[in-house]
>>> print(open('input20.txt').read())   # compact mmCIF, N, CA and C atoms and all ligand atoms
# COMPACT_ATOMS: atom_id res chain seq x y z
N MET A 1 6.64 8.50 -22.05
CA MET A 1 7.70 8.28 -21.06
C MET A 1 7.11 7.74 -19.75
N ALA A 2 5.99 8.34 -19.32
CA ALA A 2 5.37 7.91 -18.07
C ALA A 2 4.82 6.49 -18.18
N ILE A 3 4.24 6.18 -19.35
CA ILE A 3 3.69 4.83 -19.55
C ILE A 3 4.82 3.81 -19.52
N ASP A 4 5.93 4.13 -20.19
CA ASP A 4 7.08 3.23 -20.16
C ASP A 4 7.62 3.07 -18.75
N GLN A 5 7.64 4.18 -17.99
CA GLN A 5 8.10 4.13 -16.60
C GLN A 5 7.25 3.13 -15.81
N ALA A 6 5.91 3.24 -15.97
CA ALA A 6 5.00 2.34 -15.24
C ALA A 6 5.18 0.90 -15.70
N ARG A 7 5.31 0.73 -17.02
CA ARG A 7 5.45 -0.63 -17.57
C ARG A 7 6.74 -1.28 -17.06
N LEU A 8 7.84 -0.55 -17.11
CA LEU A 8 9.13 -1.11 -16.70
C LEU A 8 9.16 -1.38 -15.19
N LEU A 9 8.54 -0.48 -14.42
CA LEU A 9 8.50 -0.70 -12.97
C LEU A 9 7.62 -1.90 -12.61
N THR A 10 6.56 -2.11 -13.39
CA THR A 10 5.71 -3.29 -13.19
C THR A 10 6.52 -4.57 -13.45
N LEU A 11 7.28 -4.56 -14.56
CA LEU A 11 8.11 -5.73 -14.88
C LEU A 11 9.17 -5.95 -13.81
N LYS A 12 9.73 -4.84 -13.29
CA LYS A 12 10.74 -4.97 -12.23
C LYS A 12 10.12 -5.57 -10.97
N ALA A 13 8.90 -5.14 -10.64
CA ALA A 13 8.21 -5.67 -9.45
C ALA A 13 7.95 -7.16 -9.63
N ALA A 14 7.50 -7.56 -10.84
CA ALA A 14 7.24 -8.98 -11.11
C ALA A 14 8.54 -9.79 -10.99
N TRP A 15 9.62 -9.22 -11.54
CA TRP A 15 10.92 -9.89 -11.47
C TRP A 15 11.36 -10.02 -10.00
N ALA A 16 11.21 -8.95 -9.21
CA ALA A 16 11.63 -8.97 -7.80
C ALA A 16 10.81 -10.00 -7.02
N LEU A 17 9.49 -10.10 -7.34
CA LEU A 17 8.65 -11.09 -6.66
C LEU A 17 9.13 -12.52 -6.97
N ASP A 18 9.43 -12.77 -8.25
CA ASP A 18 9.91 -14.10 -8.65
C ASP A 18 11.25 -14.42 -8.00
N LYS A 19 12.13 -13.42 -7.97
CA LYS A 19 13.51 -13.62 -7.53
C LYS A 19 13.63 -13.65 -6.01
N HIS A 20 12.91 -12.73 -5.32
CA HIS A 20 13.13 -12.56 -3.88
C HIS A 20 11.91 -12.88 -3.02
N GLY A 21 10.76 -13.15 -3.64
CA GLY A 21 9.54 -13.39 -2.87
C GLY A 21 8.91 -12.09 -2.40
N VAL A 22 7.74 -12.23 -1.75
CA VAL A 22 6.95 -11.04 -1.38
C VAL A 22 7.75 -10.08 -0.50
N PHE A 23 8.43 -10.61 0.53
CA PHE A 23 9.10 -9.71 1.47
C PHE A 23 10.36 -9.08 0.88
N GLY A 24 10.88 -9.68 -0.19
CA GLY A 24 12.04 -9.08 -0.86
C GLY A 24 11.64 -8.11 -1.96
N ALA A 25 10.33 -7.97 -2.18
CA ALA A 25 9.87 -7.11 -3.28
C ALA A 25 8.95 -6.00 -2.78
N LEU A 26 8.99 -5.73 -1.47
CA LEU A 26 8.05 -4.76 -0.91
C LEU A 26 8.21 -3.37 -1.52
N THR A 27 9.47 -2.96 -1.74
CA THR A 27 9.70 -1.63 -2.31
C THR A 27 9.08 -1.52 -3.70
N GLU A 28 9.39 -2.49 -4.56
CA GLU A 28 8.91 -2.44 -5.95
C GLU A 28 7.38 -2.54 -5.99
N VAL A 29 6.80 -3.40 -5.15
CA VAL A 29 5.34 -3.57 -5.15
C VAL A 29 4.65 -2.29 -4.67
N SER A 30 5.20 -1.69 -3.60
CA SER A 30 4.61 -0.44 -3.11
C SER A 30 4.79 0.67 -4.13
N ALA A 31 5.97 0.71 -4.78
CA ALA A 31 6.24 1.76 -5.77
C ALA A 31 5.25 1.67 -6.93
N ILE A 32 4.99 0.48 -7.41
CA ILE A 32 4.11 0.36 -8.58
C ILE A 32 2.66 0.67 -8.20
N LYS A 33 2.32 0.43 -6.92
CA LYS A 33 0.96 0.78 -6.49
C LYS A 33 0.75 2.30 -6.47
N VAL A 34 1.84 3.05 -6.36
CA VAL A 34 1.73 4.52 -6.47
C VAL A 34 1.79 4.94 -7.94
N ILE A 35 2.78 4.41 -8.65
CA ILE A 35 3.05 4.89 -10.02
C ILE A 35 1.92 4.56 -10.99
N ALA A 36 1.46 3.29 -11.01
CA ALA A 36 0.50 2.89 -12.05
C ALA A 36 -0.81 3.70 -12.01
N PRO A 37 -1.48 3.82 -10.85
CA PRO A 37 -2.72 4.60 -10.86
C PRO A 37 -2.48 6.09 -11.16
N ASN A 38 -1.34 6.64 -10.71
CA ASN A 38 -1.06 8.05 -11.00
C ASN A 38 -0.80 8.28 -12.48
N VAL A 39 -0.08 7.34 -13.11
CA VAL A 39 0.16 7.46 -14.55
C VAL A 39 -1.16 7.33 -15.30
N LEU A 40 -1.99 6.36 -14.88
CA LEU A 40 -3.30 6.20 -15.53
C LEU A 40 -4.11 7.50 -15.42
N GLN A 41 -4.12 8.07 -14.23
CA GLN A 41 -4.88 9.31 -14.01
C GLN A 41 -4.35 10.44 -14.91
N MET A 42 -3.02 10.54 -15.01
CA MET A 42 -2.41 11.60 -15.82
C MET A 42 -2.72 11.41 -17.31
N VAL A 43 -2.64 10.15 -17.76
CA VAL A 43 -2.86 9.86 -19.19
C VAL A 43 -4.32 10.11 -19.55
N VAL A 44 -5.25 9.67 -18.69
CA VAL A 44 -6.67 9.89 -18.97
C VAL A 44 -6.98 11.39 -18.95
N ASP A 45 -6.37 12.10 -18.02
CA ASP A 45 -6.58 13.55 -17.95
C ASP A 45 -6.12 14.21 -19.25
N ALA A 46 -4.96 13.78 -19.76
CA ALA A 46 -4.45 14.34 -21.02
C ALA A 46 -5.40 14.00 -22.17
N ALA A 47 -5.92 12.78 -22.18
CA ALA A 47 -6.85 12.36 -23.25
C ALA A 47 -8.12 13.22 -23.21
N ILE A 48 -8.62 13.48 -22.01
CA ILE A 48 -9.82 14.33 -21.87
C ILE A 48 -9.51 15.73 -22.39
N GLN A 49 -8.35 16.27 -21.98
CA GLN A 49 -7.99 17.63 -22.38
C GLN A 49 -7.84 17.76 -23.90
N ILE A 50 -7.21 16.77 -24.50
CA ILE A 50 -6.99 16.80 -25.96
C ILE A 50 -8.33 16.86 -26.70
N HIS A 51 -9.34 16.15 -26.17
CA HIS A 51 -10.64 16.08 -26.86
C HIS A 51 -11.60 17.20 -26.44
N GLY A 52 -11.14 18.11 -25.58
CA GLY A 52 -11.96 19.25 -25.20
C GLY A 52 -13.28 18.81 -24.57
N GLY A 53 -14.37 19.51 -24.97
CA GLY A 53 -15.70 19.20 -24.40
C GLY A 53 -16.12 17.77 -24.65
N GLU A 54 -15.70 17.26 -25.81
CA GLU A 54 -16.03 15.86 -26.12
C GLU A 54 -15.36 14.92 -25.11
N GLY A 55 -14.17 15.32 -24.65
CA GLY A 55 -13.44 14.50 -23.68
C GLY A 55 -14.19 14.33 -22.37
N VAL A 56 -14.77 15.43 -21.87
CA VAL A 56 -15.50 15.31 -20.60
C VAL A 56 -16.86 14.64 -20.77
N SER A 57 -17.35 14.59 -22.04
CA SER A 57 -18.65 13.95 -22.28
C SER A 57 -18.51 12.46 -22.60
N ASP A 58 -17.28 12.03 -22.89
CA ASP A 58 -17.08 10.64 -23.30
C ASP A 58 -17.24 9.70 -22.10
N PRO A 59 -18.18 8.76 -22.16
CA PRO A 59 -18.42 7.90 -20.99
C PRO A 59 -17.24 7.01 -20.63
N GLU A 60 -16.50 6.55 -21.66
CA GLU A 60 -15.36 5.66 -21.35
C GLU A 60 -14.25 6.43 -20.65
N LEU A 61 -13.96 7.66 -21.12
CA LEU A 61 -12.91 8.45 -20.46
C LEU A 61 -13.34 8.83 -19.04
N SER A 62 -14.62 9.15 -18.88
CA SER A 62 -15.12 9.49 -17.54
C SER A 62 -14.99 8.29 -16.60
N MET A 63 -15.33 7.11 -17.13
CA MET A 63 -15.24 5.89 -16.31
C MET A 63 -13.78 5.61 -15.93
N LEU A 64 -12.87 5.78 -16.93
CA LEU A 64 -11.44 5.54 -16.66
C LEU A 64 -10.91 6.52 -15.63
N MET A 65 -11.37 7.78 -15.71
CA MET A 65 -10.91 8.79 -14.75
C MET A 65 -11.35 8.41 -13.33
N ALA A 66 -12.62 7.99 -13.21
CA ALA A 66 -13.13 7.58 -11.89
C ALA A 66 -12.35 6.36 -11.37
N MET A 67 -12.09 5.42 -12.30
CA MET A 67 -11.38 4.20 -11.91
C MET A 67 -9.96 4.52 -11.43
N ALA A 68 -9.28 5.40 -12.17
CA ALA A 68 -7.91 5.78 -11.81
C ALA A 68 -7.89 6.42 -10.42
N ARG A 69 -8.88 7.28 -10.18
CA ARG A 69 -8.92 7.98 -8.89
C ARG A 69 -9.15 7.00 -7.74
N VAL A 70 -10.06 6.04 -7.99
CA VAL A 70 -10.37 5.02 -6.97
C VAL A 70 -9.14 4.16 -6.68
N LEU A 71 -8.39 3.83 -7.75
CA LEU A 71 -7.22 2.96 -7.57
C LEU A 71 -6.16 3.58 -6.67
N ARG A 72 -6.17 4.93 -6.58
CA ARG A 72 -5.18 5.59 -5.69
C ARG A 72 -5.55 5.44 -4.22
N LEU A 73 -6.72 4.81 -3.95
CA LEU A 73 -7.14 4.57 -2.57
C LEU A 73 -7.41 3.09 -2.29
N ALA A 74 -7.97 2.40 -3.29
CA ALA A 74 -8.57 1.07 -3.04
C ALA A 74 -7.60 0.07 -2.42
N ASP A 75 -6.36 0.06 -2.86
CA ASP A 75 -5.39 -0.89 -2.29
C ASP A 75 -4.48 -0.18 -1.29
N GLY A 76 -5.02 0.86 -0.67
CA GLY A 76 -4.25 1.68 0.27
C GLY A 76 -3.90 3.00 -0.40
N PRO A 77 -3.93 4.11 0.36
CA PRO A 77 -3.63 5.42 -0.24
C PRO A 77 -2.16 5.54 -0.66
N ASP A 78 -1.91 6.40 -1.66
CA ASP A 78 -0.53 6.66 -2.12
C ASP A 78 0.41 6.88 -0.94
N GLU A 79 -0.07 7.68 0.03
CA GLU A 79 0.81 8.08 1.14
C GLU A 79 1.32 6.86 1.92
N VAL A 80 0.47 5.85 2.07
CA VAL A 80 0.87 4.65 2.82
C VAL A 80 1.96 3.90 2.05
N HIS A 81 1.77 3.76 0.72
CA HIS A 81 2.78 3.07 -0.09
C HIS A 81 4.09 3.86 -0.14
N ARG A 82 3.96 5.20 -0.23
CA ARG A 82 5.17 6.03 -0.21
C ARG A 82 5.91 5.85 1.12
N GLY A 83 5.14 5.71 2.19
CA GLY A 83 5.72 5.51 3.53
C GLY A 83 6.50 4.20 3.59
N VAL A 84 5.95 3.15 2.98
CA VAL A 84 6.64 1.85 2.97
C VAL A 84 7.97 1.99 2.22
N VAL A 85 7.94 2.62 1.04
CA VAL A 85 9.16 2.79 0.25
C VAL A 85 10.18 3.60 1.06
N ALA A 86 9.72 4.68 1.68
CA ALA A 86 10.63 5.54 2.44
C ALA A 86 11.27 4.79 3.61
N ARG A 87 10.44 4.05 4.34
CA ARG A 87 10.98 3.31 5.51
C ARG A 87 12.04 2.30 5.07
N LEU A 88 11.76 1.57 3.98
CA LEU A 88 12.71 0.55 3.51
C LEU A 88 14.00 1.19 2.98
N GLU A 89 13.88 2.34 2.33
CA GLU A 89 15.07 3.03 1.83
C GLU A 89 15.92 3.52 2.99
N ILE A 90 15.27 4.13 3.99
CA ILE A 90 16.02 4.69 5.13
C ILE A 90 16.71 3.56 5.91
N LYS A 91 15.99 2.41 6.01
CA LYS A 91 16.52 1.26 6.76
C LYS A 91 17.87 0.80 6.20
N LYS A 92 18.06 0.96 4.88
CA LYS A 92 19.32 0.52 4.25
C LYS A 92 20.52 1.26 4.81
N TYR A 93 20.29 2.49 5.31
CA TYR A 93 21.41 3.35 5.70
C TYR A 93 21.52 3.54 7.21
N VAL A 94 20.63 2.86 7.97
CA VAL A 94 20.68 3.02 9.43
C VAL A 94 21.68 2.03 10.02
C1 LIG A 101 -13.50 1.16 -4.44
C2 LIG A 101 -12.74 0.69 -3.20
C3 LIG A 101 -12.44 -0.65 -3.07
C4 LIG A 101 -11.79 -1.09 -1.93
N1 LIG A 101 -11.51 -2.43 -1.83
C5 LIG A 101 -10.94 -2.89 -0.71
C6 LIG A 101 -10.65 -4.29 -0.57
O1 LIG A 101 -10.92 -5.09 -1.47
N2 LIG A 101 -10.10 -4.73 0.57
C7 LIG A 101 -9.78 -3.87 1.59
O2 LIG A 101 -9.27 -4.31 2.61
N3 LIG A 101 -10.03 -2.54 1.47
C8 LIG A 101 -10.59 -2.03 0.36
N4 LIG A 101 -10.85 -0.68 0.25
C9 LIG A 101 -10.54 0.19 1.37
C10 LIG A 101 -9.26 0.99 1.10
O3 LIG A 101 -8.13 0.18 1.31
C11 LIG A 101 -9.30 2.21 2.05
O4 LIG A 101 -10.31 3.09 1.59
C12 LIG A 101 -7.94 2.92 2.04
O5 LIG A 101 -6.95 2.12 2.66
C13 LIG A 101 -8.01 4.25 2.77
O6 LIG A 101 -8.55 4.05 4.05
P1 LIG A 101 -9.75 4.99 4.54
O7 LIG A 101 -10.79 5.03 3.48
O8 LIG A 101 -10.12 4.55 5.91
O9 LIG A 101 -9.12 6.44 4.59
P2 LIG A 101 -8.12 6.98 5.68
O10 LIG A 101 -7.28 5.89 6.26
O11 LIG A 101 -8.89 7.88 6.58
O12 LIG A 101 -7.16 7.83 4.74
C14 LIG A 101 -7.58 9.09 4.22
C15 LIG A 101 -6.37 9.84 3.77
O13 LIG A 101 -5.48 10.06 4.87
C16 LIG A 101 -4.15 9.96 4.45
N5 LIG A 101 -3.47 8.88 5.15
C17 LIG A 101 -4.01 7.76 5.66
N6 LIG A 101 -3.07 6.97 6.24
C18 LIG A 101 -1.90 7.62 6.08
C19 LIG A 101 -0.56 7.31 6.44
N7 LIG A 101 -0.23 6.17 7.09
N8 LIG A 101 0.40 8.21 6.11
C20 LIG A 101 0.08 9.37 5.46
N9 LIG A 101 -1.17 9.70 5.10
C21 LIG A 101 -2.14 8.85 5.38
C22 LIG A 101 -4.17 9.74 2.95
O14 LIG A 101 -4.12 10.96 2.25
C23 LIG A 101 -5.51 9.09 2.75
O15 LIG A 101 -5.99 9.23 1.42
C24 LIG A 101 -11.46 -0.20 -0.90
C25 LIG A 101 -11.74 1.18 -1.06
C26 LIG A 101 -12.36 1.62 -2.20
C27 LIG A 101 -12.65 3.11 -2.35
>>> encode(input="input20.txt", output="structure tokens", more="lines below")
Ligand SMILES: Cc1cc2nc3c(=O)[nH]c(=O)nc-3n(C[C@H](O)[C@H](O)[C@H](O)COP(=O)(O)OP(=O)(O)OC[C@H]3O[C@@H](n4cnc5c(N)ncnc54)[C@H](O)[C@@H]3O)c2cc1C
Amino acid sequence: MAIDQARLLTLKAAWALDKHGVFGALTEVSAIKVIAPNVLQMVVDAAIQIHGGEGVSDPELSMLMAMARVLRLADGPDEVHRGVVARLEIKKYV
């Protein structure tokens, strides 16, 4: 469910960029920057847990976990993207 959520939101962001340009797609772009790395982190965590001790010893899963964690900061922290989404949502009703 979470992977589909990320996939569909990515497609929506791409559609919004094509249809409305960068400034018309700020909400979707910021949203996917929060959702995709968090879903990746959650999925890799589940994969590690399922495999028990082997999961924490697996170099690929360890690398993916580090990568997912870095992605929640590298293009700006989650909080900054959440702030963008919140400001744009509130602006609609002011
Ligand atoms: C591997 C990697 C690659 C990177 N690549 C690039 C790159 O190519 N180009 C580039 O420009 N930068 C890049 N960065 C920098 C990255 O954008 C910053 O690390 C990130 O924006 C966080 O800034 P900071 O490290 O100064 O932490 P801070 O700004 O000190 O943030 C620390 C924490 O404070 C909180 N916080 C910060 N601001 C807010 C806010 N407005 N609202 C609420 N909470 C907030 C968050 O919890 C955040 O995690 C990269 C970083 C990493 C780790």
>>> closest_residue(input="input20.txt", among="A:Leu40, A:Ala74, A:Val85, A:Ala2", to="ligand LIG 101 (chain A)", atoms="all atoms listed in the file")
A:Ala74
>>> atom_distance(input="input20.txt", atom1="atom C of A:Met42", atom2="atom N of A:Asp75")
18.7 Å
>>> atom_distance(input="input20.txt", atom1="atom CA of A:Met65", atom2="atom C of A:Val44")
6.3 Å
>>> atom_distance(input="input20.txt", atom1="atom N of A:Ile3", atom2="atom P1 of ligand LIG 101 (chain A)")
27.7 Å
>>> residues_around(input="input20.txt", residues="stretch 10-22 of chain A", least_positions_apart="2", cutoff="12 Å", atoms="only C-alpha atoms", output="PyMOL selection string")
chain A and resi 3-8+24-37
>>> residues_near_ligand(input="input20.txt", ligand="ligand LIG 101 (chain A)", cutoff="5 Å", atoms="only N, CA and C atoms and all ligand atoms", output="list in words")
Leu73, Ala74, Asp75, Gly76, Pro77, Glu79 and Val80 of chain A
>>> residues_around(input="input20.txt", residues="A:Leu61", least_positions_apart="5", cutoff="10 Å", atoms="only C-alpha atoms", output="mmCIF file with N, CA and C atoms, in the frame of the given file")
data_model
loop_
_atom_site.group_PDB
_atom_site.id
_atom_site.type_symbol
_atom_site.label_atom_id
_atom_site.label_comp_id
_atom_site.auth_asym_id
_atom_site.auth_seq_id
_atom_site.Cartn_x
_atom_site.Cartn_y
_atom_site.Cartn_z
ATOM 1 N N VAL A 44 -5.250 9.670 -18.690
ATOM 2 C CA VAL A 44 -6.670 9.890 -18.970
ATOM 3 C C VAL A 44 -6.980 11.390 -18.950
ATOM 4 N N ASP A 45 -6.370 12.100 -18.020
ATOM 5 C CA ASP A 45 -6.580 13.550 -17.950
ATOM 6 C C ASP A 45 -6.120 14.210 -19.250
ATOM 7 N N ALA A 47 -5.920 12.780 -22.180
ATOM 8 C CA ALA A 47 -6.850 12.360 -23.250
ATOM 9 C C ALA A 47 -8.120 13.220 -23.210
ATOM 10 N N ILE A 48 -8.620 13.480 -22.010
ATOM 11 C CA ILE A 48 -9.820 14.330 -21.870
ATOM 12 C C ILE A 48 -9.510 15.730 -22.390
ATOM 13 N N GLU A 54 -15.700 17.260 -25.810
ATOM 14 C CA GLU A 54 -16.030 15.860 -26.120
ATOM 15 C C GLU A 54 -15.360 14.920 -25.110
ATOM 16 N N GLY A 55 -14.170 15.320 -24.650
ATOM 17 C CA GLY A 55 -13.440 14.500 -23.680
ATOM 18 C C GLY A 55 -14.190 14.330 -22.370
ATOM 19 N N VAL A 56 -14.770 15.430 -21.870
ATOM 20 C CA VAL A 56 -15.500 15.310 -20.600
ATOM 21 C C VAL A 56 -16.860 14.640 -20.770
ATOM 22 N N ALA A 66 -12.620 7.990 -13.210
ATOM 23 C CA ALA A 66 -13.130 7.580 -11.890
ATOM 24 C C ALA A 66 -12.350 6.360 -11.370
ATOM 25 N N MET A 67 -12.090 5.420 -12.300
ATOM 26 C CA MET A 67 -11.380 4.200 -11.910
ATOM 27 C C MET A 67 -9.960 4.520 -11.430
#
>>> axis_aligned_box(input="input20.txt", around="stretch 79-83 of chain A", padding_each_side="8 Å", output="AutoDock Vina command-line options")
--center_x 3.2 --center_y 5.6 --center_z 1.7 --size_x 22.6 --size_y 21.0 --size_z 19.8
>>> decode(input="input20.txt", residues="chain A", atoms="C-alpha atoms", output="CSV table (one decimal), in the first residue's frame")
chain,number,residue,atom,x,y,z
A,1,MET,CA,0.0,0.0,0.0
A,2,ALA,CA,2.8,2.4,0.9
A,3,ILE,CA,4.8,1.6,-2.2
A,4,ASP,CA,1.7,2.2,-4.4
A,5,GLN,CA,1.1,5.5,-2.5
A,6,ALA,CA,4.6,6.7,-3.3
A,7,ARG,CA,4.4,5.5,-6.9
A,8,LEU,CA,1.0,7.2,-7.5
A,9,LEU,CA,2.1,10.4,-5.8
A,10,THR,CA,5.3,10.4,-8.0
A,11,LEU,CA,3.1,10.1,-11.1
A,12,LYS,CA,0.8,12.9,-9.8
A,13,ALA,CA,3.9,15.1,-9.3
A,14,ALA,CA,5.2,14.4,-12.8
A,15,TRP,CA,1.7,15.1,-14.2
A,16,ALA,CA,1.4,18.4,-12.2
A,17,LEU,CA,4.9,19.5,-13.5
A,18,ASP,CA,3.9,18.8,-17.1
A,19,LYS,CA,0.5,20.4,-16.7
A,20,HIS,CA,1.2,23.4,-14.5
A,21,GLY,CA,5.0,23.9,-14.5
A,22,VAL,CA,7.3,24.0,-11.4
A,23,PHE,CA,5.4,26.7,-9.5
A,24,GLY,CA,2.1,25.0,-10.1
A,25,ALA,CA,3.5,21.7,-8.8
A,26,LEU,CA,5.1,22.8,-5.5
A,27,THR,CA,2.7,20.9,-3.3
A,28,GLU,CA,3.1,17.6,-5.2
A,29,VAL,CA,6.9,17.9,-5.5
A,30,SER,CA,7.3,18.7,-1.8
A,31,ALA,CA,5.0,15.9,-0.8
A,32,ILE,CA,6.9,13.3,-2.8
A,33,LYS,CA,10.2,14.5,-1.3
A,34,VAL,CA,8.7,13.5,2.1
A,35,ILE,CA,6.8,10.4,1.1
A,36,ALA,CA,9.4,8.5,-1.1
A,37,PRO,CA,12.3,8.5,1.3
A,38,ASN,CA,10.1,7.6,4.2
A,39,VAL,CA,8.5,4.8,2.3
A,40,LEU,CA,11.9,3.5,1.3
A,41,GLN,CA,13.1,3.7,4.9
A,42,MET,CA,10.0,1.8,6.1
A,43,VAL,CA,10.2,-0.9,3.4
A,44,VAL,CA,14.0,-1.5,4.0
A,45,ASP,CA,13.4,-1.6,7.7
A,46,ALA,CA,10.7,-4.3,7.2
A,47,ALA,CA,13.0,-6.2,4.9
A,48,ILE,CA,15.8,-6.2,7.6
A,49,GLN,CA,13.3,-7.3,10.3
A,50,ILE,CA,11.9,-10.1,8.2
A,51,HIS,CA,15.5,-11.5,7.7
A,52,GLY,CA,16.4,-11.2,11.4
A,53,GLY,CA,20.2,-11.2,12.0
A,54,GLU,CA,20.9,-11.9,8.4
A,55,GLY,CA,19.0,-8.6,7.6
A,56,VAL,CA,21.3,-6.4,9.6
A,57,SER,CA,24.3,-8.2,8.2
A,58,ASP,CA,23.3,-7.9,4.6
A,59,PRO,CA,25.4,-5.2,3.0
A,60,GLU,CA,22.8,-4.2,0.4
A,61,LEU,CA,20.1,-3.7,2.9
A,62,SER,CA,22.5,-1.7,5.2
A,63,MET,CA,23.4,0.5,2.2
A,64,LEU,CA,19.8,1.0,1.3
A,65,MET,CA,18.9,1.9,4.9
A,66,ALA,CA,21.7,4.5,5.0
A,67,MET,CA,20.7,5.9,1.6
A,68,ALA,CA,17.0,6.2,2.7
A,69,ARG,CA,18.0,8.0,5.8
A,70,VAL,CA,20.3,10.4,3.9
A,71,LEU,CA,17.5,11.1,1.4
A,72,ARG,CA,15.3,12.5,4.2
A,73,LEU,CA,17.9,15.3,4.5
A,74,ALA,CA,19.9,15.6,1.3
A,75,ASP,CA,17.3,17.6,-0.7
A,76,GLY,CA,16.1,19.4,2.4
A,77,PRO,CA,14.7,17.9,5.7
A,78,ASP,CA,11.2,16.4,5.8
A,79,GLU,CA,10.1,19.3,8.0
A,80,VAL,CA,10.9,21.9,5.4
A,81,HIS,CA,8.9,20.1,2.7
A,82,ARG,CA,6.0,19.6,5.1
A,83,GLY,CA,6.2,23.3,5.8
A,84,VAL,CA,5.9,24.1,2.1
A,85,VAL,CA,2.8,21.8,1.8
A,86,ALA,CA,1.2,23.3,4.9
A,87,ARG,CA,1.8,26.9,3.8
A,88,LEU,CA,0.3,26.2,0.3
A,89,GLU,CA,-2.7,24.4,1.8
A,90,ILE,CA,-3.4,27.2,4.3
A,91,LYS,CA,-3.0,29.8,1.6
A,92,LYS,CA,-6.0,28.3,-0.3
A,93,TYR,CA,-8.3,29.2,2.5
A,94,VAL,CA,-7.0,32.6,3.6
